[in-house]
Each structure stands twice: as C-alpha cells, then as structure tokens.
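Below is one structure, written out as structure tokens; comments come after it.
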Amino acid sequence: MEKESEIKTLRILCLHGFRGSAEIFKKLVLRWPESVTGKLDLVFLDAPFPAQGKSPLEGFFDPPYFEWFQSNKGAVLGAAIPGMQREGVALTKVPKIKFVILISGAKFGGPTYGIPKLAANAFSSPINCPSLHFLGEADFQRKDGEVLLECFVDPQVIHHSKGHTIPKLDDSSLEIMLGFIEKNSTTLRQGTSLSTV
C-alpha cells in the first residue's frame, strides 16, 4: 500500500481566469472532493497586472482582480506554455511541463484569440503533453476549447453541462480526473520529474 506522501506528489501551478485572482480560483477548485485535491500540491498564483476594467466576478467574489496580459485567460496561456517551452521561448530554465489541466481552455490563434509573438509557434506541431480539458456545454468559449483539443496528442476530456466555470465533479468526471491523476502519478514515481500548469 502506498503512503499518503507518495500519492500527494503532483504539483500544479494554477493560473486563474480573466480578471480573477488566485484566492477566487482556490475557493472554486477546493470545492472538488478530497479524493482529488488531497492528491495534488496546488500552487495558486495571481496574474501580474491589476484588472483594467470590470470583472465578471464582481458581486460573487470580492476584489482584488488581476489580468495576465492582453486580457488573456489563464487557460489560454497554460495551453500555449508546453509548446512555447518546446520552442525555447518560455520557461527554459525549469523542467519541462509534464501535463496540463485546462478548464475552459482556448488556443492562441484560434477563433477568438490572436497570437502573441512568443506563442507564434506554440501550436506549430501537436503538443505531446498529457492534457485534461474541461468543456462546458453552455460555455461561450466551447468552440475554442474544441479547436484546442486538436492541438494535443491524445487529449482527455471532461464534459459538463455548465458554462464558463469550474464545475463540480460528478461521478463520471471524478472517475476521469482520478484516472488522469493516477496515470501521471505513476509516471512521476517512475522517475520522471514533473512540473505542471
């Protein structure tokens, strides 16, 4: 039987959405069951820029709110990082990103988002990085998320009925999530260093 310290090994850098914050993202993710969050070392980070406009979270969560750059969301940035790292234009002094979990993700250069210069080649070839994508049936960004799936080798998907949000995990999505965590935990225990977005 594995010790708890061996199971709780997946460190995940959590990048919040548009005009959100690390604290808000943390509150939403920690609604997930302990069977998921207890196996993860979650590191929540505020974007570097104060929000330059009204946040869609006002009235639900207290400020402060932050932005990444050019109004982009954390999942858009997170989706591009493995490809940017492969191209040698980002995170060159840290271990390779080993997997991504993208909630309402999208692709730079897709239907909605332009391509920043540094991300120009991020999706020039399929990203061979395990990926788990959350796609909401009522999400205004659903089409962008579907386009993003095509950019990854063997993406796994959790479908949910909600919109642009961090959904609660039902039995089916919980099974997919736990399978993804276990698969990547096994890789880590076999000696592969793991750094995540």
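In the structure tokens, chains take the letters A, B, ... in the order shown, each chain's residues start at 1, and ligands count up from 1 in the order shown.
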Shell of 12 Å around region 151-155 of chain A, only C-alpha atoms, local chain residues under 2 positions omitted, as a ChimeraX atom specification
/A:79-80,82-83,99-102,105-110,121-135,144-149,157-158,176,180
What residues in region 20-195 of chain A get the DSSP label strand (DSSP E or B)? Please answer as a ChimeraX atom specification.
/A:20,40-45,49-50,66-67,97-103,108,113,127,131-136,152,156-160,195
Pick out the residues sitting within 12 Å of Ala22 (chain A), and hand them over as a ChimeraX atom specification; count only C-alpha atoms, and ignore anything fewer than 2 positions along from it in its own chain.
/A:13-20,24-30,42-48,61-68,74
Run DSSP on the backbone and give me the residues of chain A it puts in helix (DSSP H, G or I), as a ChimeraX atom specification.
/A:4-7,22-29,34-37,74-87,117-119,142-149,171-189
As an exercise, work out the distance from CA of Ala90 (chain A) to CA of Lys39 (chain A) in Å and give it to one decimal place.
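These two atoms are separated by 27.7 Å.
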Interatomic distance between CA of Ala138 (chain A) and CA of Gly163 (chain A)?
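Taking CA of Ala138 (chain A) as the start and CA of Gly163 (chain A) as the end point, the length is 4.2 Å.
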To one decimal place, how far is CA of Pro116 (chain A) from CA of Gln141 (chain A) in Å?
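Distance between the two atoms: 19.1 Å.
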